[in-house]
file query.cif (mmCIF, C-alpha atoms)
data_entry
#
loop_
_atom_site.label_atom_id
_atom_site.label_comp_id
_atom_site.auth_asym_id
_atom_site.auth_seq_id
_atom_site.Cartn_x
_atom_site.Cartn_y
_atom_site.Cartn_z
CA GLU A 1 0.00 0.00 0.00
CA ASN A 2 2.83 2.40 0.85
CA GLU A 3 4.61 1.62 -2.42
CA PHE A 4 1.41 2.20 -4.38
CA LYS A 5 0.85 5.50 -2.59
CA GLN A 6 4.42 6.56 -3.35
CA GLU A 7 3.96 5.71 -7.03
CA LEU A 8 0.77 7.78 -7.15
CA GLU A 9 2.58 10.72 -5.59
CA GLU A 10 5.37 10.44 -8.14
CA ILE A 11 2.85 10.32 -10.99
CA GLN A 12 1.04 13.34 -9.56
CA ALA A 13 4.35 15.21 -9.39
CA VAL A 14 4.99 14.43 -13.07
CA VAL A 15 1.52 15.70 -13.99
CA GLU A 16 2.04 18.89 -12.00
CA ARG A 17 5.42 19.50 -13.61
CA TYR A 18 3.87 19.02 -17.02
CA ALA A 19 1.06 21.44 -16.21
CA ALA A 20 3.60 24.01 -15.09
CA SER A 21 5.72 23.53 -18.20
CA ILE A 22 2.83 24.22 -20.59
CA ALA A 23 1.51 27.29 -18.79
CA ARG A 24 0.98 30.00 -21.32
CA VAL A 25 3.59 32.74 -21.66
CA ASN A 26 1.73 35.86 -22.71
CA MET A 27 4.55 37.93 -24.10
CA GLY A 28 2.42 41.06 -24.37
CA GLY A 29 1.74 41.04 -20.64
CA GLU A 30 -1.67 41.09 -19.01
CA LYS A 31 -1.46 44.80 -18.28
CA LYS A 32 -0.48 45.77 -21.81
CA VAL A 33 -3.61 46.89 -23.63
CA GLN A 34 -2.10 48.99 -26.41
CA ALA A 35 -1.11 47.47 -29.72
CA TYR A 36 2.58 46.90 -30.25
CA GLY A 37 3.19 49.25 -33.17
CA VAL A 38 6.12 49.91 -35.44
CA GLN A 39 7.42 52.78 -33.28
CA SER A 40 7.54 50.50 -30.24
CA PHE A 41 9.32 47.90 -32.37
CA ILE A 42 11.89 50.45 -33.50
CA GLY A 43 12.40 51.72 -29.97
CA ASP A 44 12.97 48.21 -28.60
CA THR A 45 15.23 46.87 -31.34
CA GLY A 46 16.70 49.79 -33.30
CA TYR A 47 15.79 48.25 -36.66
CA GLU A 48 14.51 50.40 -39.52
CA PRO A 49 10.82 50.38 -40.56
CA ASP A 50 11.61 48.89 -43.98
CA GLN A 51 13.41 45.96 -42.35
CA ILE A 52 10.56 45.38 -39.91
CA ASN A 53 7.98 45.44 -42.70
CA ASP A 54 10.05 43.02 -44.77
CA TRP A 55 10.23 40.52 -41.91
CA SER A 56 6.53 40.76 -41.12
CA GLU A 57 5.63 40.30 -44.79
CA GLN A 58 7.76 37.14 -44.90
CA VAL A 59 5.87 35.73 -41.94
CA LEU A 60 2.46 36.61 -43.40
CA ARG A 61 3.37 35.21 -46.83
CA LYS A 62 4.94 31.89 -45.84
CA LYS A 63 3.25 31.54 -42.40
CA GLN A 64 6.39 29.84 -41.04
CA LEU A 65 9.68 31.66 -40.46
CA ILE A 66 12.97 30.75 -38.79
CA ILE A 67 15.35 33.42 -37.52
CA TYR A 68 18.86 31.98 -37.32
CA GLY A 69 22.26 33.33 -36.43
CA PRO A 70 25.17 33.23 -33.99
CA PRO A 71 24.81 33.43 -30.21
CA GLY A 72 23.90 36.82 -28.82
CA SER A 73 22.55 38.24 -32.06
CA GLY A 74 19.14 38.87 -30.48
CA LYS A 75 17.10 36.18 -32.23
CA THR A 76 14.65 35.44 -29.42
CA TYR A 77 14.31 39.11 -28.53
CA LEU A 78 13.48 39.93 -32.14
CA ALA A 79 11.13 36.96 -32.55
CA GLU A 80 9.08 37.92 -29.50
CA ARG A 81 8.64 41.47 -30.69
CA LEU A 82 7.94 40.46 -34.27
CA ALA A 83 5.22 38.13 -32.95
CA ARG A 84 3.67 40.92 -30.88
CA TYR A 85 3.83 43.29 -33.85
CA ILE A 86 2.05 40.84 -36.15
CA ALA A 87 -0.50 39.80 -33.52
CA GLY A 88 -1.51 43.38 -32.82
CA GLN A 89 -3.73 44.37 -29.93
CA ARG A 90 -6.32 41.61 -30.17
CA GLY A 91 -4.25 38.76 -31.54
CA LEU A 92 -2.35 36.12 -29.63
CA SER A 93 1.40 35.67 -29.20
CA GLU A 94 3.06 32.97 -27.12
CA LEU A 95 6.45 31.33 -26.74
CA VAL A 96 7.46 27.71 -26.31
CA GLN A 97 11.03 26.46 -26.00
CA PHE A 98 12.12 23.21 -27.59
CA HIS A 99 14.72 20.93 -26.00
CA PRO A 100 16.10 17.44 -26.76
CA SER A 101 13.42 15.64 -24.72
CA TYR A 102 10.52 17.58 -26.22
CA ALA A 103 8.09 15.15 -27.85
CA TYR A 104 5.08 14.91 -30.14
CA GLU A 105 2.90 14.34 -27.07
CA ASP A 106 4.07 17.67 -25.63
CA PHE A 107 3.54 19.67 -28.80
CA VAL A 108 0.60 18.03 -30.59
CA GLN A 109 -1.33 15.56 -28.42
CA GLY A 110 -0.88 12.32 -26.54
CA ILE A 111 -2.03 10.02 -23.77
CA ARG A 112 -1.21 11.37 -20.33
CA PRO A 113 -1.75 10.05 -16.80
CA ARG A 114 -4.23 11.70 -14.45
CA VAL A 115 -4.88 11.05 -10.78
CA VAL A 116 -8.46 11.63 -9.64
CA GLU A 117 -9.38 10.90 -6.03
CA GLY A 118 -6.46 8.54 -5.67
CA ALA A 119 -7.25 6.58 -8.85
CA LEU A 120 -4.95 6.57 -11.85
CA SER A 121 -6.49 7.06 -15.30
CA TYR A 122 -5.28 8.03 -18.76
CA GLU A 123 -6.72 10.59 -21.12
CA LEU A 124 -6.03 11.99 -24.58
CA ALA A 125 -4.76 15.50 -23.95
CA GLU A 126 -3.92 18.26 -26.40
CA GLY A 127 -0.38 19.54 -26.58
CA ARG A 128 0.88 23.09 -26.66
CA PHE A 129 0.34 23.63 -30.37
CA MET A 130 -3.15 22.11 -30.47
CA ARG A 131 -4.24 24.30 -27.58
CA PHE A 132 -2.77 27.36 -29.29
CA CYS A 133 -4.66 26.49 -32.48
CA ARG A 134 -7.90 26.06 -30.54
CA GLU A 135 -7.50 29.49 -28.98
CA ALA A 136 -6.60 30.98 -32.37
CA SER A 137 -9.75 29.51 -33.93
CA GLU A 138 -11.78 31.49 -31.40
CA ARG A 139 -10.46 34.74 -32.91
CA PRO A 140 -10.39 33.97 -36.66
CA ASP A 141 -9.98 37.59 -37.75
CA GLN A 142 -6.80 38.11 -35.71
CA SER A 143 -3.26 36.95 -36.35
CA CYS A 144 -1.91 34.50 -33.77
CA VAL A 145 1.83 33.85 -33.62
CA LEU A 146 3.62 31.05 -31.79
CA VAL A 147 7.35 31.56 -31.23
CA ILE A 148 9.37 28.33 -31.00
CA ASP A 149 12.64 29.18 -29.31
CA GLU A 150 15.66 26.95 -30.05
CA ILE A 151 13.61 25.04 -32.61
CA ASN A 152 16.60 23.00 -33.82
CA ARG A 153 17.29 21.48 -30.40
CA ALA A 154 14.39 19.01 -30.75
CA ASN A 155 13.91 16.15 -33.20
CA LEU A 156 11.67 18.14 -35.53
CA ALA A 157 10.34 15.27 -37.63
CA ARG A 158 9.32 13.42 -34.46
CA VAL A 159 7.85 16.47 -32.68
CA PHE A 160 5.85 17.77 -35.64
CA GLY A 161 4.54 14.43 -36.94
CA GLU A 162 1.52 15.04 -39.19
CA LEU A 163 2.05 18.78 -38.86
CA MET A 164 4.75 18.44 -41.52
CA TYR A 165 1.95 17.89 -44.01
CA LEU A 166 -0.39 20.48 -42.54
CA LEU A 167 2.27 23.21 -42.52
CA GLU A 168 2.45 22.99 -46.30
CA TYR A 169 -1.21 22.24 -47.00
CA ARG A 170 -3.00 24.58 -44.62
CA GLU A 171 -6.45 23.92 -46.08
CA SER A 172 -6.24 20.19 -45.36
CA ARG A 173 -7.43 18.15 -42.37
CA VAL A 174 -5.80 14.93 -41.18
CA ARG A 175 -6.41 12.37 -38.47
CA LEU A 176 -3.65 12.38 -35.90
CA ALA A 177 -1.81 9.21 -34.92
CA SER A 178 -2.98 9.47 -31.32
CA GLY A 179 -6.65 9.62 -32.30
CA GLY A 180 -9.40 12.18 -32.05
CA PRO A 181 -11.27 14.10 -34.76
CA PRO A 182 -9.49 15.36 -37.91
CA PHE A 183 -7.21 18.31 -37.21
CA SER A 184 -6.23 21.34 -39.28
CA ILE A 185 -4.12 24.41 -38.60
CA PRO A 186 -6.22 27.61 -38.59
CA ALA A 187 -5.36 30.05 -41.34
CA ASN A 188 -4.55 32.79 -38.82
CA VAL A 189 -1.80 30.77 -37.08
CA TYR A 190 1.82 31.71 -37.77
CA LEU A 191 5.06 30.18 -36.52
CA ILE A 192 8.37 31.94 -35.83
CA GLY A 193 11.28 29.73 -34.84
CA THR A 194 14.73 30.73 -33.61
CA MET A 195 17.86 28.74 -34.28
CA ASN A 196 21.35 29.13 -32.86
CA THR A 197 23.81 28.27 -35.61
CA ALA A 198 26.53 27.58 -33.05
CA ASP A 199 24.46 24.67 -31.74
CA ARG A 200 23.56 23.07 -35.02
CA SER A 201 24.03 24.11 -38.63
CA ILE A 202 21.03 25.01 -40.72
CA ALA A 203 22.25 22.45 -43.26
CA MET A 204 21.42 19.66 -40.80
CA ILE A 205 17.70 20.49 -40.74
CA ASP A 206 15.56 18.03 -42.68
CA GLN A 207 14.95 19.21 -46.25
CA ALA A 208 11.21 18.68 -45.90
CA MET A 209 11.18 20.96 -42.87
CA ARG A 210 13.34 23.58 -44.58
CA ARG A 211 10.93 23.69 -47.51
CA ARG A 212 8.07 24.61 -45.19
CA PHE A 213 9.84 27.58 -43.58
CA SER A 214 11.22 30.87 -44.78
CA PHE A 215 14.61 31.77 -43.28
CA ILE A 216 16.27 35.04 -42.33
CA ARG A 217 19.78 35.30 -41.01
CA LEU A 218 20.30 37.71 -38.13
CA ALA A 219 23.91 38.83 -38.33
CA THR A 220 25.82 40.98 -35.87
CA ASP A 221 24.50 44.51 -36.41
CA TYR A 222 27.08 47.00 -35.19
CA ARG A 223 24.79 49.96 -35.96
CA ILE A 224 22.45 48.91 -33.17
CA LEU A 225 25.36 48.58 -30.76
CA ALA A 226 26.54 52.05 -31.80
CA ARG A 227 23.10 53.52 -30.98
CA HIS A 228 23.15 51.79 -27.60
CA LEU A 229 26.60 53.17 -26.81
CA GLU A 230 25.35 56.67 -27.64
CA LYS A 231 22.40 56.14 -25.31
CA CYS A 232 24.84 55.13 -22.55
CA ASP A 233 27.12 58.13 -23.29
CA LEU A 234 29.84 55.74 -24.40
CA ALA A 235 29.98 56.69 -28.07
CA ASN A 236 33.72 57.26 -27.93
CA LEU A 237 34.41 53.86 -26.41
CA PRO A 238 36.19 51.65 -29.01
CA LEU A 239 34.03 48.65 -28.09
CA ILE A 240 32.72 48.15 -31.62
CA ASN A 241 36.23 47.88 -33.03
CA LEU A 242 37.01 45.37 -30.29
CA VAL A 243 34.02 43.18 -31.21
CA LYS A 244 34.88 43.43 -34.91
CA ASP A 245 38.47 42.40 -34.17
CA LEU A 246 37.21 39.50 -32.09
CA ASN A 247 34.85 38.28 -34.81
CA ARG A 248 37.63 38.47 -37.38
CA ALA A 249 39.67 36.23 -35.09
CA ILE A 250 36.77 33.79 -34.73
CA ALA A 251 36.54 33.71 -38.54
CA ASP A 252 33.24 31.80 -38.60
CA GLU A 253 29.96 33.64 -39.03
CA ASP A 254 28.08 30.86 -37.24
CA TYR A 255 30.10 31.47 -34.06
CA GLU A 256 30.43 35.25 -34.12
CA LEU A 257 30.01 37.13 -30.87
CA GLY A 258 26.67 38.92 -30.94
CA ILE A 259 25.94 42.37 -29.60
CA SER A 260 23.25 41.35 -27.11
CA PHE A 261 25.96 40.70 -24.50
CA PHE A 262 26.44 44.48 -24.34
CA MET A 263 22.83 45.67 -24.66
CA VAL A 264 22.50 46.40 -20.95
CA ASP A 265 21.68 49.69 -19.26
CA ASP A 266 24.61 49.60 -16.81
CA LEU A 267 27.26 48.91 -19.45
CA ALA A 268 29.46 51.76 -18.20
CA SER A 269 29.90 50.10 -14.82
CA GLY A 270 29.32 46.49 -15.80
CA LEU A 271 31.42 45.83 -18.90
CA ALA A 272 34.15 44.05 -16.93
CA ARG A 273 31.59 41.69 -15.38
CA VAL A 274 29.90 41.08 -18.75
CA TRP A 275 33.20 40.31 -20.45
CA GLN A 276 34.63 38.06 -17.76
CA GLY A 277 31.38 36.37 -16.77
CA GLU A 278 29.69 35.93 -20.17
CA VAL A 279 32.01 36.65 -23.09
CA GLU A 280 35.12 34.81 -21.89
CA PRO A 281 33.31 31.51 -21.10
CA TYR A 282 31.89 31.55 -24.61
CA LEU A 283 35.28 32.31 -26.14
CA GLU A 284 36.90 29.49 -24.19
CA GLU A 285 34.75 27.09 -26.19
CA VAL A 286 35.32 28.84 -29.51
CA PHE A 287 39.09 29.10 -28.99
CA PHE A 288 39.53 25.75 -27.23
CA ASP A 289 42.23 24.76 -29.73
CA ARG A 290 43.69 28.27 -30.08
CA PRO A 291 45.02 29.29 -26.66
CA ASP A 292 47.00 32.20 -28.08
CA GLU A 293 43.81 33.78 -29.44
CA MET A 294 42.07 33.20 -26.14
CA ALA A 295 44.88 34.97 -24.33
CA ARG A 296 44.44 38.01 -26.61
CA PHE A 297 40.88 38.46 -25.46
CA ARG A 298 41.19 38.00 -21.72
CA TRP A 299 39.87 41.05 -19.89
CA PRO A 300 43.27 42.42 -18.66
CA LYS A 301 44.66 42.15 -22.20
CA VAL A 302 41.50 43.65 -23.73
CA LEU A 303 41.60 46.51 -21.23
CA LYS A 304 45.22 47.23 -22.06
CA ASP A 305 45.14 46.87 -25.84
CA HIS A 306 41.59 47.79 -26.87
CA LEU A 307 39.91 49.80 -24.14
CA LYS A 308 42.60 52.19 -22.94
CA GLY A 309 41.15 54.74 -20.60
CA TRP A 310 38.09 52.60 -19.88
CA GLN A 311 38.02 53.69 -16.25
CA GLU A 312 37.74 57.32 -17.42
CA ALA A 313 35.05 56.50 -20.02
#
call {"tool": "encode", "arguments": {"input": "query.cif", "output": "structure tokens"}}
result
Amino acid sequence: ENEFKQELEEIQAVVERYAASIARVNMGGEKKVQAYGVQSFIGDTGYEPDQINDWSEQVLRKKQLIIYGPPGSGKTYLAERLARYIAGQRGLSELVQFHPSYAYEDFVQGIRPRVVEGALSYELAEGRFMRFCREASERPDQSCVLVIDEINRANLARVFGELMYLLEYRESRVRLASGGPPFSIPANVYLIGTMNTADRSIAMIDQAMRRRFSFIRLATDYRILARHLEKCDLANLPLINLVKDLNRAIADEDYELGISFFMVDDLASGLARVWQGEVEPYLEEVFFDRPDEMARFRWPKVLKDHLKGWQEA
């Protein structure tokens, strides 16, 4: 009896963890009632209106978009705001993060345990994407955007299942492997994925999946960093030249150091902590077989050779 009770408690804990993991992330915030317009987008990201319109048109045309690039290039930050911009005031925008153990049952639907009054039962439960589609169908005149962060970290063919067909043929309905009525993706549902090229090359994504998505590469944009330095009264700081020199040494666009490491309000007082606590650990992996290069970009060396007079900046 004690063993059975312990097993029930463990199952209940699994169910509760699952419920917590699928709780909706409303990126607009409950208190935010105004639409996220282009001026807000520009203020948050620094990108030009033409660039923002081009990205949003790609999403609306293809319905599935992947933003890919090196670490720290601001992919997730951009994806969240692009989703809010497309969704508008009355639409829906949410975020889900993929990981290696993410499964079809988590994303689409599957059989899950449930404990009711001490008795264990199983039920067919909808996954994150099916629930999002159901909510989107309740507002058919509004755009609803689901952001899939780190999309390439999961086994996409296994997670998407029949969705591979439905992503290309939006007007179709299919019966899912786990049962239930025929399912279709509402026309007002859009997907934006993010992909870190340092984790896995875009070339390794299944061709069938690549055909169903449009791709944009988010490269290191030094203009945005320059605007941020001006905002922090650090325009004369040679930080941009330092990052450019570093990326030339890395010599691989998939592993470039992005600017998001430095997009913090307290950069004037916190650059040393950012560099030593965030940049150097990343560089240790990039330069694992080039110790001389790593030595060039240790904080004392950087301070001496690239950021002279930093304390007076």
call {"tool": "residues_around", "arguments": {"input": "query.cif", "residues": "Lys308 (chain A)", "least_positions_apart": "5", "cutoff": "10 Å", "atoms": "all atoms listed in the file", "output": "short mmCIF file (atom, residue, chain, number, x, y, z; two decimals) with C-alpha atoms, in the frame of the given file"}}
result
data_model
loop_
_atom_site.label_atom_id
_atom_site.label_comp_id
_atom_site.auth_asym_id
_atom_site.auth_seq_id
_atom_site.Cartn_x
_atom_site.Cartn_y
_atom_site.Cartn_z
CA LEU A 237 34.41 53.86 -26.41
CA PRO A 238 36.19 51.65 -29.01
CA VAL A 302 41.50 43.65 -23.73
CA LEU A 303 41.60 46.51 -21.23
CA ALA A 313 35.05 56.50 -20.02
#
call {"tool": "atom_distance", "arguments": {"input": "query.cif", "atom1": "CA of Glu256 (chain A)", "atom2": "CA of Leu146 (chain A)"}}
result
27.2 Å
call {"tool": "closest_residue", "arguments": {"input": "query.cif", "among": "A:Lys304, A:Asp106, A:Gly46, A:Arg290", "to": "Ala226 (chain A)", "atoms": "all atoms listed in the file"}}
result
A:Gly46
call {"tool": "resolve_selection", "arguments": {"input": "query.cif", "expression": "the PyMOL selection byres ((chain A and resi 268-280) around 12)", "output": "ChimeraX atom specification"}}
result
/A:71-72,228-237,239,242-243,246,256-267,281-288,293-303,307,310-313
call {"tool": "write_last_selection", "arguments": {"input": "query.cif", "atoms": "C-alpha atoms", "output": "PDB file, in the frame of the given file"}}
result
ATOM      1  CA  PRO A  71      24.810  33.430 -30.210  1.00  0.00           C
ATOM      2  CA  GLY A  72      23.900  36.820 -28.820  1.00  0.00           C
ATOM      3  CA  HIS A 228      23.150  51.790 -27.600  1.00  0.00           C
ATOM      4  CA  LEU A 229      26.600  53.170 -26.810  1.00  0.00           C
ATOM      5  CA  GLU A 230      25.350  56.670 -27.640  1.00  0.00           C
ATOM      6  CA  LYS A 231      22.400  56.140 -25.310  1.00  0.00           C
ATOM      7  CA  CYS A 232      24.840  55.130 -22.550  1.00  0.00           C
ATOM      8  CA  ASP A 233      27.120  58.130 -23.290  1.00  0.00           C
ATOM      9  CA  LEU A 234      29.840  55.740 -24.400  1.00  0.00           C
ATOM     10  CA  ALA A 235      29.980  56.690 -28.070  1.00  0.00           C
ATOM     11  CA  ASN A 236      33.720  57.260 -27.930  1.00  0.00           C
ATOM     12  CA  LEU A 237      34.410  53.860 -26.410  1.00  0.00           C
ATOM     13  CA  LEU A 239      34.030  48.650 -28.090  1.00  0.00           C
ATOM     14  CA  LEU A 242      37.010  45.370 -30.290  1.00  0.00           C
ATOM     15  CA  VAL A 243      34.020  43.180 -31.210  1.00  0.00           C
ATOM     16  CA  LEU A 246      37.210  39.500 -32.090  1.00  0.00           C
ATOM     17  CA  GLU A 256      30.430  35.250 -34.120  1.00  0.00           C
ATOM     18  CA  LEU A 257      30.010  37.130 -30.870  1.00  0.00           C
ATOM     19  CA  GLY A 258      26.670  38.920 -30.940  1.00  0.00           C
ATOM     20  CA  ILE A 259      25.940  42.370 -29.600  1.00  0.00           C
ATOM     21  CA  SER A 260      23.250  41.350 -27.110  1.00  0.00           C
ATOM     22  CA  PHE A 261      25.960  40.700 -24.500  1.00  0.00           C
ATOM     23  CA  PHE A 262      26.440  44.480 -24.340  1.00  0.00           C
ATOM     24  CA  MET A 263      22.830  45.670 -24.660  1.00  0.00           C
ATOM     25  CA  VAL A 264      22.500  46.400 -20.950  1.00  0.00           C
ATOM     26  CA  ASP A 265      21.680  49.690 -19.260  1.00  0.00           C
ATOM     27  CA  ASP A 266      24.610  49.600 -16.810  1.00  0.00           C
ATOM     28  CA  LEU A 267      27.260  48.910 -19.450  1.00  0.00           C
ATOM     29  CA  PRO A 281      33.310  31.510 -21.100  1.00  0.00           C
ATOM     30  CA  TYR A 282      31.890  31.550 -24.610  1.00  0.00           C
ATOM     31  CA  LEU A 283      35.280  32.310 -26.140  1.00  0.00           C
ATOM     32  CA  GLU A 284      36.900  29.490 -24.190  1.00  0.00           C
ATOM     33  CA  GLU A 285      34.750  27.090 -26.190  1.00  0.00           C
ATOM     34  CA  VAL A 286      35.320  28.840 -29.510  1.00  0.00           C
ATOM     35  CA  PHE A 287      39.090  29.100 -28.990  1.00  0.00           C
ATOM     36  CA  PHE A 288      39.530  25.750 -27.230  1.00  0.00           C
ATOM     37  CA  GLU A 293      43.810  33.780 -29.440  1.00  0.00           C
ATOM     38  CA  MET A 294      42.070  33.200 -26.140  1.00  0.00           C
ATOM     39  CA  ALA A 295      44.880  34.970 -24.330  1.00  0.00           C
ATOM     40  CA  ARG A 296      44.440  38.010 -26.610  1.00  0.00           C
ATOM     41  CA  PHE A 297      40.880  38.460 -25.460  1.00  0.00           C
ATOM     42  CA  ARG A 298      41.190  38.000 -21.720  1.00  0.00           C
ATOM     43  CA  TRP A 299      39.870  41.050 -19.890  1.00  0.00           C
ATOM     44  CA  PRO A 300      43.270  42.420 -18.660  1.00  0.00           C
ATOM     45  CA  LYS A 301      44.660  42.150 -22.200  1.00  0.00           C
ATOM     46  CA  VAL A 302      41.500  43.650 -23.730  1.00  0.00           C
ATOM     47  CA  LEU A 303      41.600  46.510 -21.230  1.00  0.00           C
ATOM     48  CA  LEU A 307      39.910  49.800 -24.140  1.00  0.00           C
ATOM     49  CA  TRP A 310      38.090  52.600 -19.880  1.00  0.00           C
ATOM     50  CA  GLN A 311      38.020  53.690 -16.250  1.00  0.00           C
ATOM     51  CA  GLU A 312      37.740  57.320 -17.420  1.00  0.00           C
ATOM     52  CA  ALA A 313      35.050  56.500 -20.020  1.00  0.00           C
TER      53      ALA A 313
END
call {"tool": "closest_residue", "arguments": {"input": "query.cif", "among": "A:Val96, A:Ile42, A:Ala79, A:Ile216", "to": "Arg128 (chain A)", "atoms": "all atoms listed in the file"}}
result
A:Val96
